[in-house]
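One structure is given here, and the rest of the page talks about it.
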Amino acid sequence: MTIALDHLVIAAPTLAAGAQHVADALGVAPQPGGAHPGMGTHNCLLGLFGGAYLEVIAIDPEAPPPARPRWFGMDTEAVQARLRHGPFLLHWVARVERPTDLSLWQAQYPGRIAPVIPMTRGDLRWRITVPEDGSLPAWPADDVGGAAIPGDGILPTLIQWDVATHPSSRLPNQGLALRSLRARHPQAARLAEAMQWLGGGPFVPEASTLAELSAEIETPDGVRTLR
């Protein structure tokens with residue numbers, strides 16, 4: 001299978017705080033996106049060179065509580081605890097390239113790929129993997145000694161767009177390009193195995209005592225780092 005980086009996810013306690021965090025870090029403010037019916041979140045967006053983008057996401061205070069847990073672990077105590085210290089780079093989303101069909105792939109490997117749900121925002125339509133409890137993607141243990149990987153934001157959520165035009169093409173060119181995405185993890189070797197099974201990815205995991213992502217982004221004023 002083949003996956004490609006689709007977008008980075010900045011989680012924020014409020015959309016305004018997240019937009020300011022990105023503007024302070026990169027010198028460019030994201031533009032309004034919209035609301036996610038059924039998830040109780042909303043976003044703003046910033047285009048990146050090469051068909052990717054950056055998403056700032058927050059719980060929408062004007063939306064009714066969703067009937068299910070929100071995606072990206074937004075309702076979990078772990079994410080909420082981090083948000084009390086401000087916005088941060090939570091996660092990344094990988095695009096599943098055709099001719100692979102995401103729904104069929106998930107049906108083949110339900111133990112490794114979370115359920116696929118349909119989503120819309122305006123005229124955009126896509127399918128995305130979201131565990132039933134809304135948690136971040138995890139990885140199961142195997143029968144040859146491979147340990148489970150918890151849902152800590154390093155493994156990607158998978159997405160497949162069901163529209164002809166990728167949303168990044170609608171975003172203005174701000175002179176921003178992702179130079180590198182770095183992932184540090186206590187189970188770096190196991191994470192590398194999982195990434196290889198998924199079809200590769202934008203980073204080689206580095207060993208660390210903590211699980212964390214960082215992104216180096218080229219801007220008109222030089223290379224900046226998002227964490």
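By convention here, the chains of the structure tokens are called A, B, ... in the order presented, each chain's residues are numbered starting at 1, and ligands are numbered starting at 1 in the order presented.
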All alpha helix (DSSP H) residues (DSSP, backbone) inside segment 127-192 of chain A, as a ChimeraX atom specification: /A:188-192
Residues flagged strand (DSSP E) by DSSP in segment 39-176 of chain A, as a ChimeraX atom specification: /A:41-48,52-59,88-96,116-121,124-129,157-161
Residues of segment 132-185 of chain A at most 12 Å from segment 16-26 of chain A: nearest atom pair and distance in Å, only C-alpha atoms, as a tab-separated table:
residue	atom	partner	partner_atom	distance
A:Gln174	CA	A:Leu26	CA	10.4
A:Gly175	CA	A:Leu26	CA	10.6
A:Leu176	CA	A:Leu26	CA	8.6
A:Ala177	CA	A:Leu26	CA	10.8
A:Leu178	CA	A:Leu26	CA	11.4
Selection near Leu198 of chain A, 12 Å with only C-alpha atoms, sequence-local residues under 6 positions removed, as a PyMOL selection string: chain A and resi 1-4+94-97+100+102+105-106+109+112-113+139+155-158+191-192
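Note that the spacing between atom CA of Pro220 of chain A and atom CA of Gly27 of chain A amounts to 8.6 Å.
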